[in-house]
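protein-v6.cif follows; it contains mmCIF, C-alpha atoms.
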```cif
data_run
#
loop_
_atom_site.label_atom_id
_atom_site.label_comp_id
_atom_site.auth_asym_id
_atom_site.auth_seq_id
_atom_site.Cartn_x
_atom_site.Cartn_y
_atom_site.Cartn_z
CA MET A 19 -9.73 -13.21 21.71
CA THR A 20 -6.42 -12.49 19.95
CA ARG A 21 -4.82 -9.22 21.04
CA VAL A 22 -2.81 -7.69 18.22
CA LEU A 23 -0.14 -5.00 18.36
CA VAL A 24 0.05 -3.44 14.89
CA PHE A 25 3.43 -1.81 14.27
CA SER A 26 4.20 0.29 11.20
CA THR A 27 5.05 3.81 10.10
CA LEU A 28 2.49 3.19 7.34
CA TYR A 29 -0.83 4.08 8.91
CA PRO A 30 -3.29 6.94 8.35
CA ASN A 31 -3.52 9.80 10.81
CA ALA A 32 -5.42 13.06 11.13
CA ALA A 33 -2.66 14.98 9.34
CA GLN A 34 -2.10 12.30 6.63
CA PRO A 35 -5.48 10.61 6.09
CA ASN A 36 -4.36 8.69 2.96
CA HIS A 37 -1.01 7.53 4.39
CA GLY A 38 -0.88 3.73 4.50
CA VAL A 39 -4.66 3.43 4.28
CA PHE A 40 -4.25 -0.11 2.89
CA VAL A 41 -2.81 -1.22 6.26
CA GLU A 42 -5.79 0.21 8.09
CA ASN A 43 -8.19 -1.34 5.59
CA ARG A 44 -6.76 -4.83 6.10
CA LEU A 45 -6.92 -4.40 9.85
CA ARG A 46 -10.53 -3.24 9.71
CA ALA A 47 -11.47 -6.20 7.51
CA THR A 48 -9.80 -8.51 10.01
CA ILE A 49 -11.48 -6.98 13.07
CA ALA A 50 -14.83 -7.27 11.29
CA ARG A 51 -14.48 -11.06 11.40
CA GLY A 52 -14.64 -10.93 15.22
CA GLY A 53 -12.33 -12.29 17.87
CA ILE A 54 -9.60 -9.68 17.31
CA GLU A 55 -8.62 -6.67 19.41
CA ALA A 56 -5.97 -4.32 18.08
CA THR A 57 -3.81 -1.45 19.21
CA VAL A 58 -1.68 0.42 16.67
CA ILE A 59 1.76 1.90 17.23
CA ALA A 60 2.49 4.00 14.15
CA PRO A 61 5.64 6.06 14.81
CA ALA A 62 6.00 9.40 13.04
CA PRO A 63 9.26 11.22 12.24
CA TYR A 64 10.18 13.91 14.74
CA PHE A 65 9.98 17.49 13.47
CA PRO A 66 9.48 20.44 15.83
CA LEU A 67 7.71 23.01 13.62
CA SER A 68 4.22 22.72 12.15
CA HIS A 69 4.18 25.81 9.90
CA GLU A 70 3.39 24.93 6.27
CA VAL A 71 6.49 26.76 5.07
CA PHE A 72 8.41 23.61 6.03
CA GLY A 73 6.47 21.51 3.52
CA ARG A 74 6.01 17.79 4.17
CA TYR A 75 8.18 17.99 7.30
CA SER A 76 5.63 20.27 8.94
CA THR A 77 3.02 17.55 8.38
CA PHE A 78 4.95 15.26 10.72
CA ALA A 79 4.64 17.86 13.47
CA ARG A 80 0.85 17.95 13.00
CA VAL A 81 0.43 14.20 13.48
CA PRO A 82 -1.41 13.71 16.81
CA ARG A 83 0.33 11.73 19.53
CA HIS A 84 -2.79 9.64 20.05
CA GLU A 85 -6.08 9.18 18.24
CA VAL A 86 -8.91 6.69 17.81
CA ARG A 87 -9.70 5.65 14.25
CA HIS A 88 -12.70 3.43 13.50
CA GLY A 89 -12.72 2.31 17.11
CA VAL A 90 -9.01 1.40 17.15
CA GLU A 91 -6.58 3.15 19.47
CA VAL A 92 -3.62 4.53 17.49
CA TRP A 93 -0.40 5.89 19.00
CA HIS A 94 2.14 8.00 17.12
CA PRO A 95 5.37 8.20 19.12
CA ARG A 96 8.12 10.30 17.55
CA TYR A 97 11.38 8.85 16.31
CA LEU A 98 14.47 10.59 14.98
CA VAL A 99 15.03 10.61 11.22
CA ILE A 100 18.27 11.92 9.75
CA PRO A 101 17.58 12.79 6.08
CA LYS A 102 19.72 11.01 3.47
CA VAL A 103 22.08 9.37 5.96
CA GLY A 104 19.83 7.99 8.67
CA SER A 105 18.33 4.87 7.07
CA GLY A 106 20.83 2.63 8.81
CA TYR A 107 19.78 3.94 12.21
CA ALA A 108 16.04 3.88 11.52
CA PRO A 109 15.37 0.31 12.74
CA GLU A 110 17.07 1.10 16.06
CA ALA A 111 15.14 4.37 16.44
CA LEU A 112 11.83 2.66 15.69
CA PHE A 113 12.60 -0.23 18.02
CA ARG A 114 13.47 2.02 20.96
CA ARG A 115 10.36 4.18 20.62
CA GLY A 116 8.12 1.20 19.98
CA LEU A 117 9.46 -0.76 22.93
CA ALA A 118 9.12 2.16 25.35
CA LEU A 119 5.49 2.73 24.38
CA ALA A 120 4.58 -0.97 24.29
CA ARG A 121 5.91 -1.41 27.84
CA GLN A 122 3.97 1.64 28.98
CA LEU A 123 0.80 0.14 27.53
CA GLN A 124 1.51 -3.20 29.19
CA ALA A 125 2.13 -1.46 32.52
CA ALA A 126 -1.28 0.20 32.13
CA GLY A 127 -2.92 -3.22 31.76
CA GLN A 128 -2.89 -3.91 28.03
CA GLN A 129 -1.69 -7.29 26.86
CA PHE A 130 -0.63 -8.46 23.40
CA ASP A 131 -0.45 -11.90 21.81
CA VAL A 132 1.12 -11.13 18.44
CA ILE A 133 2.81 -8.28 16.55
CA ASP A 134 1.51 -7.46 13.08
CA ALA A 135 4.21 -5.42 11.29
CA HIS A 136 4.07 -3.77 7.87
CA TYR A 137 6.97 -2.85 5.56
CA PHE A 138 10.10 -4.95 5.96
CA TYR A 139 12.64 -2.18 6.36
CA PRO A 140 12.96 -0.46 8.71
CA ASP A 141 9.59 -1.30 10.29
CA GLY A 142 9.76 -5.09 10.08
CA VAL A 143 13.32 -5.22 11.37
CA ALA A 144 12.34 -3.08 14.36
CA ALA A 145 9.26 -5.25 14.93
CA ALA A 146 11.36 -8.42 14.95
CA ARG A 147 13.46 -6.88 17.73
CA LEU A 148 10.26 -5.92 19.55
CA GLY A 149 9.14 -9.52 19.32
CA GLN A 150 12.35 -10.67 20.94
CA ALA A 151 12.16 -8.07 23.71
CA LEU A 152 8.46 -8.67 24.45
CA ARG A 153 8.55 -12.44 23.77
CA LEU A 154 5.84 -12.15 21.14
CA PRO A 155 5.52 -13.82 17.73
CA VAL A 156 5.79 -11.43 14.78
CA ILE A 157 4.17 -11.38 11.33
CA ILE A 158 5.81 -9.06 8.78
CA THR A 159 4.15 -7.88 5.57
CA GLY A 160 6.27 -6.78 2.62
CA ARG A 161 4.53 -4.22 0.44
CA GLY A 162 6.74 -3.01 -2.41
CA THR A 163 9.92 -0.95 -2.33
CA ASP A 164 10.93 -2.72 0.86
CA LEU A 165 11.50 -5.83 -1.27
CA THR A 166 12.13 -4.40 -4.75
CA LEU A 167 14.64 -1.62 -4.02
CA ILE A 168 15.83 -1.44 -0.41
CA PRO A 169 17.47 -4.92 -0.44
CA ASP A 170 19.95 -3.60 -3.02
CA GLU A 171 21.76 -2.06 -0.05
CA THR A 172 23.88 -4.72 1.66
CA GLY A 173 23.23 -3.69 5.25
CA ALA A 174 19.47 -3.41 4.77
CA ARG A 175 19.35 -6.75 2.96
CA ARG A 176 21.20 -8.49 5.79
CA ARG A 177 18.78 -7.10 8.39
CA ILE A 178 15.71 -7.89 6.29
CA LEU A 179 16.87 -11.49 6.06
CA TRP A 180 17.53 -11.62 9.81
CA ALA A 181 13.99 -10.35 10.50
CA ALA A 182 12.55 -12.89 8.05
CA HIS A 183 14.15 -15.75 9.97
CA GLN A 184 12.84 -14.37 13.26
CA ALA A 185 9.24 -13.99 12.06
CA SER A 186 6.48 -16.52 12.62
CA ALA A 187 5.19 -15.72 9.15
CA MET A 188 5.89 -13.37 6.30
CA VAL A 189 3.23 -11.94 4.05
CA THR A 190 3.60 -10.29 0.67
CA VAL A 191 0.87 -8.50 -1.24
CA CYS A 192 1.62 -10.23 -4.55
CA GLY A 193 3.38 -13.30 -5.87
CA ASP A 194 6.22 -11.30 -7.40
CA LEU A 195 7.19 -9.95 -3.99
CA LYS A 196 6.97 -13.42 -2.48
CA ARG A 197 9.41 -14.75 -5.04
CA ARG A 198 11.77 -11.85 -4.34
CA LEU A 199 11.60 -12.43 -0.59
CA ILE A 200 12.35 -16.13 -0.96
CA ALA A 201 15.20 -15.33 -3.36
CA LEU A 202 16.73 -13.20 -0.59
CA GLY A 203 16.80 -16.31 1.59
CA ALA A 204 13.54 -16.12 3.54
CA PRO A 205 11.99 -19.47 4.56
CA GLU A 206 9.48 -20.40 1.86
CA ASP A 207 7.35 -22.49 4.23
CA ARG A 208 6.65 -19.41 6.37
CA THR A 209 5.78 -17.07 3.48
CA LEU A 210 2.43 -16.54 1.79
CA VAL A 211 0.60 -14.06 -0.41
CA LEU A 212 -2.15 -11.99 1.18
CA ARG A 213 -3.06 -9.39 -1.38
CA ASN A 214 -4.80 -6.12 -0.73
CA GLY A 215 -8.51 -6.03 -1.35
CA VAL A 216 -10.84 -3.21 -2.26
CA ASP A 217 -13.72 -1.69 -0.32
CA LEU A 218 -16.59 -2.50 -2.66
CA ARG A 219 -19.03 -0.37 -0.69
CA LEU A 220 -16.94 2.79 -0.92
CA PHE A 221 -15.60 2.19 -4.42
CA ARG A 222 -18.64 1.54 -6.55
CA PRO A 223 -20.16 2.87 -9.78
CA GLN A 224 -21.77 6.28 -9.47
CA ASP A 225 -23.83 8.60 -11.64
CA ARG A 226 -21.21 9.10 -14.34
CA ALA A 227 -22.84 12.10 -15.97
CA ALA A 228 -23.09 13.89 -12.63
CA ALA A 229 -19.49 13.05 -11.74
CA ARG A 230 -18.24 14.40 -15.07
CA ALA A 231 -20.38 17.51 -14.80
CA ALA A 232 -19.04 18.22 -11.31
CA LEU A 233 -15.51 18.23 -12.73
CA GLY A 234 -16.49 20.04 -15.91
CA LEU A 235 -15.23 17.21 -18.12
CA ASP A 236 -15.74 16.99 -21.86
CA GLY A 237 -14.20 14.27 -24.00
CA PHE A 238 -12.18 11.12 -23.34
CA THR A 239 -10.48 11.52 -19.96
CA LEU A 240 -7.46 9.75 -18.51
CA LEU A 241 -6.76 9.75 -14.78
CA CYS A 242 -3.59 9.38 -12.69
CA VAL A 243 -3.92 8.84 -8.94
CA GLY A 244 -0.94 8.81 -6.61
CA GLY A 245 2.01 10.72 -5.30
CA LEU A 246 3.83 13.01 -7.70
CA ILE A 247 7.18 11.27 -7.36
CA PRO A 248 9.56 9.96 -10.04
CA ARG A 249 8.62 6.29 -9.97
CA LYS A 250 4.96 6.99 -10.70
CA GLY A 251 5.84 8.05 -14.26
CA VAL A 252 3.37 10.91 -14.64
CA ASP A 253 5.87 12.57 -16.99
CA LEU A 254 5.43 9.60 -19.36
CA VAL A 255 1.67 10.03 -19.23
CA LEU A 256 2.02 13.70 -20.19
CA GLU A 257 4.23 12.73 -23.13
CA ALA A 258 1.70 10.14 -24.25
CA LEU A 259 -1.06 12.72 -23.93
CA ALA A 260 0.80 14.92 -26.41
CA LYS A 261 0.41 12.11 -28.95
CA ARG A 262 -3.35 11.82 -28.44
CA PRO A 263 -4.92 15.28 -28.83
CA ASP A 264 -8.44 13.92 -28.30
CA CYS A 265 -7.67 13.02 -24.66
CA ASN A 266 -7.67 15.00 -21.43
CA LEU A 267 -5.90 14.15 -18.19
CA LEU A 268 -6.80 14.48 -14.51
CA ILE A 269 -4.03 14.11 -11.93
CA ALA A 270 -5.12 13.39 -8.34
CA GLY A 271 -2.25 13.58 -5.88
CA GLY A 272 0.41 15.83 -4.49
CA GLY A 273 4.14 15.62 -4.13
CA PRO A 274 7.50 17.21 -4.84
CA LEU A 275 7.24 16.96 -8.63
CA ARG A 276 4.07 18.99 -9.09
CA ALA A 277 5.78 22.18 -10.29
CA THR A 278 8.10 20.17 -12.54
CA LEU A 279 5.19 18.29 -14.08
CA GLU A 280 3.20 21.48 -14.61
CA ALA A 281 6.19 22.96 -16.46
CA HIS A 282 6.57 19.76 -18.48
CA ALA A 283 2.91 19.97 -19.52
CA ARG A 284 3.44 23.54 -20.72
CA ARG A 285 6.54 22.55 -22.73
CA LEU A 286 4.59 19.74 -24.38
CA GLY A 287 1.71 22.06 -25.22
CA VAL A 288 -0.84 19.97 -23.27
CA ALA A 289 -1.34 22.18 -20.21
CA GLY A 290 -4.82 23.14 -21.42
CA ARG A 291 -5.84 19.48 -21.36
CA VAL A 292 -4.37 18.67 -17.94
CA ARG A 293 -5.87 19.42 -14.56
CA PHE A 294 -3.99 18.94 -11.29
CA LEU A 295 -6.54 18.18 -8.57
CA GLY A 296 -4.04 18.04 -5.70
CA GLU A 297 -4.54 15.63 -2.83
CA VAL A 298 -7.97 14.00 -2.94
CA ALA A 299 -9.37 12.42 0.22
CA HIS A 300 -9.79 8.66 0.01
CA ALA A 301 -13.55 8.95 0.48
CA ASP A 302 -13.80 11.45 -2.39
CA LEU A 303 -11.93 9.33 -4.94
CA PRO A 304 -14.91 7.25 -6.17
CA SER A 305 -16.49 10.21 -7.94
CA VAL A 306 -13.16 11.01 -9.62
CA TYR A 307 -12.78 7.41 -10.80
CA ALA A 308 -16.38 7.46 -12.03
CA ALA A 309 -15.74 10.59 -14.09
CA ALA A 310 -12.69 9.16 -15.88
CA ASP A 311 -12.67 6.83 -18.87
CA VAL A 312 -9.36 5.12 -18.05
CA LEU A 313 -7.01 5.06 -15.07
CA VAL A 314 -3.34 5.13 -16.11
CA LEU A 315 -0.54 3.88 -13.84
CA ALA A 316 2.92 4.20 -15.42
CA SER A 317 4.99 3.27 -12.37
CA SER A 318 8.47 1.80 -12.61
CA ARG A 319 7.67 -0.45 -9.64
CA GLU A 320 4.67 -1.21 -7.46
CA GLY A 321 3.92 -3.94 -4.96
CA TRP A 322 0.17 -4.22 -5.28
CA ALA A 323 -1.25 -0.95 -6.59
CA ASN A 324 -4.52 -0.28 -4.78
CA VAL A 325 -5.57 2.39 -7.26
CA LEU A 326 -6.02 -0.28 -9.93
CA LEU A 327 -8.67 -2.14 -7.94
CA GLU A 328 -10.29 1.08 -6.74
CA ALA A 329 -10.75 2.26 -10.31
CA MET A 330 -12.08 -1.10 -11.48
CA ALA A 331 -14.54 -1.26 -8.58
CA CYS A 332 -15.94 2.07 -9.82
CA GLY A 333 -16.25 0.58 -13.33
CA THR A 334 -13.17 2.30 -14.76
CA PRO A 335 -10.72 0.07 -16.70
CA VAL A 336 -6.98 0.60 -16.39
CA VAL A 337 -3.73 0.78 -18.32
CA ALA A 338 -0.68 -0.08 -16.24
CA THR A 339 3.00 -0.88 -16.50
CA ASN A 340 3.66 -4.62 -16.36
CA VAL A 341 5.68 -4.55 -13.14
CA ASN A 342 5.55 -6.57 -9.91
CA GLY A 343 1.95 -7.36 -8.97
CA ALA A 344 0.24 -5.66 -11.93
CA GLU A 345 -0.14 -8.85 -13.95
CA GLU A 346 -1.85 -10.45 -10.95
CA VAL A 347 -4.43 -7.64 -10.91
CA ILE A 348 -5.02 -7.21 -14.65
CA ARG A 349 -5.86 -10.69 -15.85
CA SER A 350 -8.61 -10.11 -18.40
CA GLY A 351 -9.84 -7.54 -20.86
CA ALA A 352 -12.55 -6.54 -18.39
CA ALA A 353 -9.82 -5.14 -16.14
CA GLY A 354 -7.78 -3.30 -18.76
CA VAL A 355 -4.44 -3.60 -20.55
CA LEU A 356 -0.81 -3.99 -19.45
CA MET A 357 1.84 -1.91 -21.21
CA ASN A 358 4.49 -3.93 -23.05
CA ARG A 359 6.98 -1.05 -22.83
CA ARG A 360 7.27 1.65 -20.20
CA THR A 361 7.60 4.47 -22.70
CA PRO A 362 5.21 7.12 -24.01
CA GLU A 363 4.89 5.03 -27.19
CA GLY A 364 4.18 1.89 -25.18
CA LEU A 365 1.52 3.72 -23.20
CA VAL A 366 -0.13 5.04 -26.37
CA GLU A 367 -0.10 1.53 -27.84
CA ALA A 368 -1.77 0.05 -24.74
CA LEU A 369 -4.28 2.88 -24.53
CA ASP A 370 -5.25 2.49 -28.18
CA LEU A 371 -5.70 -1.25 -27.68
CA LEU A 372 -7.99 -0.66 -24.73
CA ARG A 373 -10.03 1.95 -26.59
CA ARG A 374 -10.60 -0.48 -29.44
CA ASN A 375 -11.85 -3.09 -26.99
CA MET A 376 -13.38 -1.08 -24.18
CA PRO A 377 -15.20 -3.29 -21.67
CA SER A 378 -18.50 -2.11 -20.29
CA ARG A 379 -18.25 -0.47 -16.90
CA THR A 380 -20.50 -3.25 -15.58
CA GLU A 381 -17.98 -5.87 -16.72
CA THR A 382 -15.12 -4.03 -15.07
CA ARG A 383 -17.03 -3.70 -11.80
CA ARG A 384 -17.91 -7.40 -11.88
CA TYR A 385 -14.24 -8.27 -12.33
CA ALA A 386 -13.28 -6.17 -9.29
CA GLU A 387 -15.87 -7.89 -7.11
CA ALA A 388 -13.58 -10.94 -6.91
CA PHE A 389 -11.17 -8.82 -4.86
CA SER A 390 -13.29 -7.97 -1.82
CA TRP A 391 -11.68 -7.60 1.59
CA THR A 392 -13.86 -10.31 3.14
CA ARG A 393 -11.73 -13.35 2.36
CA ILE A 394 -8.53 -11.40 3.03
CA GLY A 395 -9.83 -10.50 6.50
CA GLU A 396 -10.70 -14.13 7.20
CA ALA A 397 -7.25 -15.33 6.13
CA ASN A 398 -5.46 -12.62 8.07
CA LYS A 399 -7.43 -13.45 11.19
CA ALA A 400 -6.49 -17.11 10.78
CA LEU A 401 -2.84 -16.12 10.44
CA LEU A 402 -2.88 -13.88 13.52
CA ASP A 403 -4.75 -16.48 15.55
CA GLY A 404 -2.33 -19.20 14.48
CA ALA A 405 0.76 -17.18 15.37
CA ALA A 406 -0.73 -16.10 18.70
CA ALA A 407 -1.65 -19.68 19.62
CA ALA A 408 1.88 -20.89 18.83
CA GLY A 409 3.40 -18.14 20.94
CA PHE A 410 6.96 -16.93 20.91
CA GLU A 411 8.58 -20.27 21.66
CA GLY A 412 6.52 -22.02 19.00
CA ARG A 413 6.73 -19.24 16.43
CA HIS A 414 8.46 -21.47 13.87
CA ALA A 415 6.28 -24.52 14.49
CA PRO A 416 4.75 -26.18 11.40
CA GLY A 417 1.13 -25.38 10.73
CA VAL A 418 0.97 -21.71 11.77
CA LEU A 419 0.05 -20.72 8.19
CA ASP A 420 -2.07 -23.76 7.29
CA LEU A 421 -5.57 -22.39 7.86
CA ALA A 422 -4.73 -19.07 6.20
CA ARG A 423 -3.41 -20.93 3.15
CA ARG A 424 -6.58 -23.01 2.89
CA LEU A 425 -8.79 -19.95 3.14
CA LEU A 426 -6.79 -18.19 0.42
CA GLY A 427 -6.65 -21.15 -1.93
CA GLU A 428 -3.05 -20.15 -2.54
CA PRO A 429 -1.48 -22.30 -5.31
CA GLU A 430 2.04 -23.65 -5.10
CA THR A 431 3.38 -20.79 -7.23
CA GLY A 432 2.59 -18.36 -4.43
CA VAL A 433 0.27 -16.26 -6.61
CA CYS A 434 -3.05 -15.66 -4.92
CA ASP A 435 -5.84 -16.44 -7.41
CA PRO A 436 -8.69 -13.97 -6.83
CA ALA A 437 -11.11 -16.40 -8.49
CA ALA A 438 -10.31 -19.23 -6.06
CA PRO A 439 -13.19 -20.21 -3.77
#
```

As structure tokens, what does this structure read like?
Amino acid sequence: MTRVLVFSTLYPNAAQPNHGVFVENRLRATIARGGIEATVIAPAPYFPLSHEVFGRYSTFARVPRHEVRHGVEVWHPRYLVIPKVGSGYAPEALFRRGLALARQLQAAGQQFDVIDAHYFYPDGVAAARLGQALRLPVIITGRGTDLTLIPDETGARRRILWAAHQASAMVTVCGDLKRRLIALGAPEDRTLVLRNGVDLRLFRPQDRAAARAALGLDGFTLLCVGGLIPRKGVDLVLEALAKRPDCNLLIAGGGPLRATLEAHARRLGVAGRVRFLGEVAHADLPSVYAAADVLVLASSREGWANVLLEAMACGTPVVATNVNGAEEVIRSGAAGVLMNRRTPEGLVEALDLLRRNMPSRTETRRYAEAFSWTRIGEANKALLDGAAAAGFEGRHAPGVLDLARRLLGEPETGVCDPAAP
């Protein structure tokens, strides 16, 4: 039995059920293979007041200190966050809180064989220090902005590279992120791609007519799913919508830009064709995907965008910006179309191309079936088992990643081929 300590600020909780759900999903897929026990330490920012008037900060106060999710014990110790100026201190704050709790758990009889950390900065840096303090091997997964944006800052880049050299193995969720990590100076022989999968039982085709009727839809409908933040590019989707008067748009997600986007829709004269659904629970998304004709993702950067696979698994093709891992997800017409330009005109061009060559929803679902969590869980278990068996002293020994690589069929380019056996 391999005893895993999962460490990340990215993990769902009762107050934020969609937060970092991809981390939980990979863990659940791994546990399902058997031979794994896990405890999660998912620190939450400290904030003293839970009244909704304080916006997203009040959500932090509502995060429970302890909960059990899908049979896994999850702890949420608080750590201090100083807005705008505190990123340099964050690894230290996470390390201190994580170490105190881990030692409490050990004192109570729990033992750990390996640390499974997610998000390189600050989480992975703190986890690497935890590994040193607890004499445990560490695996760090890079997931997006932690490797596309944060390394632009010299101090963060230096600490990311230090953590990479400490780790037994590094995982990225797409080949583009692997190449970026290696370019920073991470050891290539200890880095592999372990993409996110999709829950094919939850995300599946539904009664489309019923789903559309429930939302009162009429006509060709686009869908955006995700946080209403600048990099998601929902403003570009609204501008493209203005150029296609026969289309409607659903927006599932919340965030700081909602009021701005609503005003933008009014200025463009498309407000009557746009509906803001707010936050939609993960379990309720399949019916929204089923109701839409096309999912649109106009992000400026993404690691591995889970919404693309979720939509496809429900039979809904996608249009997405050609950034980071998108080209590894959208590899045939059954999946959808990549935008050549991240502009309203480029989006319209890609959307028109897809509409002229719309795949059947059955074809799109069949394409998504190559991305199940099963093989990802098997490979992740092999990686955790290998690191645990090597231990702290042998954490850089050759062969820790070998079985995981064989299970993934990962080619030399570092791009995980979803069609590989």

Exercise for the section: Please identify all polymer residues within 10 Å of segment 266-276 of chain A, counting all atoms listed in the file, omitting same-chain residues fewer than 6 positions from it, and present them as a count of residues only. Expected result: 45

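Closest approach to Gly343 of chain A among A:Arg198, A:Arg176, A:Arg359, A:Arg230: A:Arg198, based on all atoms listed in the file.
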
Problem - For Trp93 of chain A: contacts at 8 Å, only C-alpha atoms, fewer than 4 positions along chain excluded, given as a list in words - result: Val58, Ile59, Ala60, Pro61, Arg83, His84 and Glu85 of chain A

Practice task
Could you tell me which residues the PyMOL selection byres ((chain A and resi 226) around 9) returns for this structure, as a VMD selection string?
Solution key: chain A and resid 223 to 225 227 to 231 305 308 to 310

Per residue of segment 117-169 of chain A within 7 Å of segment 401-422 of chain A, note the shortest atom pair and the distance in Å to one decimal, counting only C-alpha atoms, and order the rows by chain and increasing residue number, as JSON lines.
```
{"residue": "A:Asp131", "atom": "CA", "partner": "A:Ala406", "partner_atom": "CA", "distance": 5.2}
{"residue": "A:Val132", "atom": "CA", "partner": "A:Ala406", "partner_atom": "CA", "distance": 5.3}
{"residue": "A:Arg153", "atom": "CA", "partner": "A:Phe410", "partner_atom": "CA", "distance": 5.6}
{"residue": "A:Leu154", "atom": "CA", "partner": "A:Phe410", "partner_atom": "CA", "distance": 4.9}
{"residue": "A:Pro155", "atom": "CA", "partner": "A:Phe410", "partner_atom": "CA", "distance": 4.7}
```

Problem - Spatial neighbours of Arg373 of chain A, 12 Å, only C-alpha atoms, chain gap at least 2 places, as a list in words - result: Phe238, Thr239, Leu240, Cys265, Asp311, Val312, Pro335, Val336, Val337, Gly351, Gly354, Val355, Val366, Glu367, Ala368, Leu369, Asp370, Leu371, Asn375, Met376, Pro377 and Ser378 of chain A

Exercise for the section: Pick out the residues sitting within 7 Å of Arg383 of chain A, and hand them over as a PyMOL selection string; count all atoms listed in the file, and ignore anything fewer than 4 positions along from it in its own chain. Expected result: chain A and resi 330-333+379+387

Problem - Explicit residue set for the PyMOL selection byres ((chain A and resi 136-144) around 10), as a PyMOL selection string - result: chain A and resi 24-29+38+41+60-61+105-117+133-135+145-149+156-165+168-169+174-175+177-182+184-185+188-190

Next, the residues of the selection above should be written as a CSV table (one decimal), in the coordinates of the input with C-alpha atoms.
```csv
chain,number,residue,atom,x,y,z
A,24,VAL,CA,0.0,-3.4,14.9
A,25,PHE,CA,3.4,-1.8,14.3
A,26,SER,CA,4.2,0.3,11.2
A,27,THR,CA,5.0,3.8,10.1
A,28,LEU,CA,2.5,3.2,7.3
A,29,TYR,CA,-0.8,4.1,8.9
A,38,GLY,CA,-0.9,3.7,4.5
A,41,VAL,CA,-2.8,-1.2,6.3
A,60,ALA,CA,2.5,4.0,14.2
A,61,PRO,CA,5.6,6.1,14.8
A,105,SER,CA,18.3,4.9,7.1
A,106,GLY,CA,20.8,2.6,8.8
A,107,TYR,CA,19.8,3.9,12.2
A,108,ALA,CA,16.0,3.9,11.5
A,109,PRO,CA,15.4,0.3,12.7
A,110,GLU,CA,17.1,1.1,16.1
A,111,ALA,CA,15.1,4.4,16.4
A,112,LEU,CA,11.8,2.7,15.7
A,113,PHE,CA,12.6,-0.2,18.0
A,114,ARG,CA,13.5,2.0,21.0
A,115,ARG,CA,10.4,4.2,20.6
A,116,GLY,CA,8.1,1.2,20.0
A,117,LEU,CA,9.5,-0.8,22.9
A,133,ILE,CA,2.8,-8.3,16.6
A,134,ASP,CA,1.5,-7.5,13.1
A,135,ALA,CA,4.2,-5.4,11.3
A,145,ALA,CA,9.3,-5.2,14.9
A,146,ALA,CA,11.4,-8.4,15.0
A,147,ARG,CA,13.5,-6.9,17.7
A,148,LEU,CA,10.3,-5.9,19.6
A,149,GLY,CA,9.1,-9.5,19.3
A,156,VAL,CA,5.8,-11.4,14.8
A,157,ILE,CA,4.2,-11.4,11.3
A,158,ILE,CA,5.8,-9.1,8.8
A,159,THR,CA,4.2,-7.9,5.6
A,160,GLY,CA,6.3,-6.8,2.6
A,161,ARG,CA,4.5,-4.2,0.4
A,162,GLY,CA,6.7,-3.0,-2.4
A,163,THR,CA,9.9,-1.0,-2.3
A,164,ASP,CA,10.9,-2.7,0.9
A,165,LEU,CA,11.5,-5.8,-1.3
A,168,ILE,CA,15.8,-1.4,-0.4
A,169,PRO,CA,17.5,-4.9,-0.4
A,174,ALA,CA,19.5,-3.4,4.8
A,175,ARG,CA,19.4,-6.8,3.0
A,177,ARG,CA,18.8,-7.1,8.4
A,178,ILE,CA,15.7,-7.9,6.3
A,179,LEU,CA,16.9,-11.5,6.1
A,180,TRP,CA,17.5,-11.6,9.8
A,181,ALA,CA,14.0,-10.4,10.5
A,182,ALA,CA,12.6,-12.9,8.0
A,184,GLN,CA,12.8,-14.4,13.3
A,185,ALA,CA,9.2,-14.0,12.1
A,188,MET,CA,5.9,-13.4,6.3
A,189,VAL,CA,3.2,-11.9,4.0
A,190,THR,CA,3.6,-10.3,0.7
```

Exercise for the section: Name the residues in contact with Leu327 of chain A at a cut-off of 8 Å, using only C-alpha atoms, excluding same-chain residues fewer than 3 positions from it; report them as a PyMOL selection string. Expected result: chain A and resi 215-216+323-324+330-331+347+386+389

Picked residues, the PyMOL selection byres ((chain A and resi 394) around 9), as a PDB file with C-alpha atoms, keeping the file's coordinate frame:
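Final file, expr.pdb:
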```
ATOM      1  CA  ARG A  44      -6.760  -4.830   6.100  1.00  0.00           C
ATOM      2  CA  ALA A  47     -11.470  -6.200   7.510  1.00  0.00           C
ATOM      3  CA  THR A  48      -9.800  -8.510  10.010  1.00  0.00           C
ATOM      4  CA  LEU A 212      -2.150 -11.990   1.180  1.00  0.00           C
ATOM      5  CA  ARG A 213      -3.060  -9.390  -1.380  1.00  0.00           C
ATOM      6  CA  ASN A 214      -4.800  -6.120  -0.730  1.00  0.00           C
ATOM      7  CA  GLY A 215      -8.510  -6.030  -1.350  1.00  0.00           C
ATOM      8  CA  PHE A 389     -11.170  -8.820  -4.860  1.00  0.00           C
ATOM      9  CA  SER A 390     -13.290  -7.970  -1.820  1.00  0.00           C
ATOM     10  CA  TRP A 391     -11.680  -7.600   1.590  1.00  0.00           C
ATOM     11  CA  THR A 392     -13.860 -10.310   3.140  1.00  0.00           C
ATOM     12  CA  ARG A 393     -11.730 -13.350   2.360  1.00  0.00           C
ATOM     13  CA  GLY A 395      -9.830 -10.500   6.500  1.00  0.00           C
ATOM     14  CA  GLU A 396     -10.700 -14.130   7.200  1.00  0.00           C
ATOM     15  CA  ALA A 397      -7.250 -15.330   6.130  1.00  0.00           C
ATOM     16  CA  ASN A 398      -5.460 -12.620   8.070  1.00  0.00           C
ATOM     17  CA  LYS A 399      -7.430 -13.450  11.190  1.00  0.00           C
ATOM     18  CA  LEU A 425      -8.790 -19.950   3.140  1.00  0.00           C
ATOM     19  CA  LEU A 426      -6.790 -18.190   0.420  1.00  0.00           C
TER      20      LEU A 426
END
```
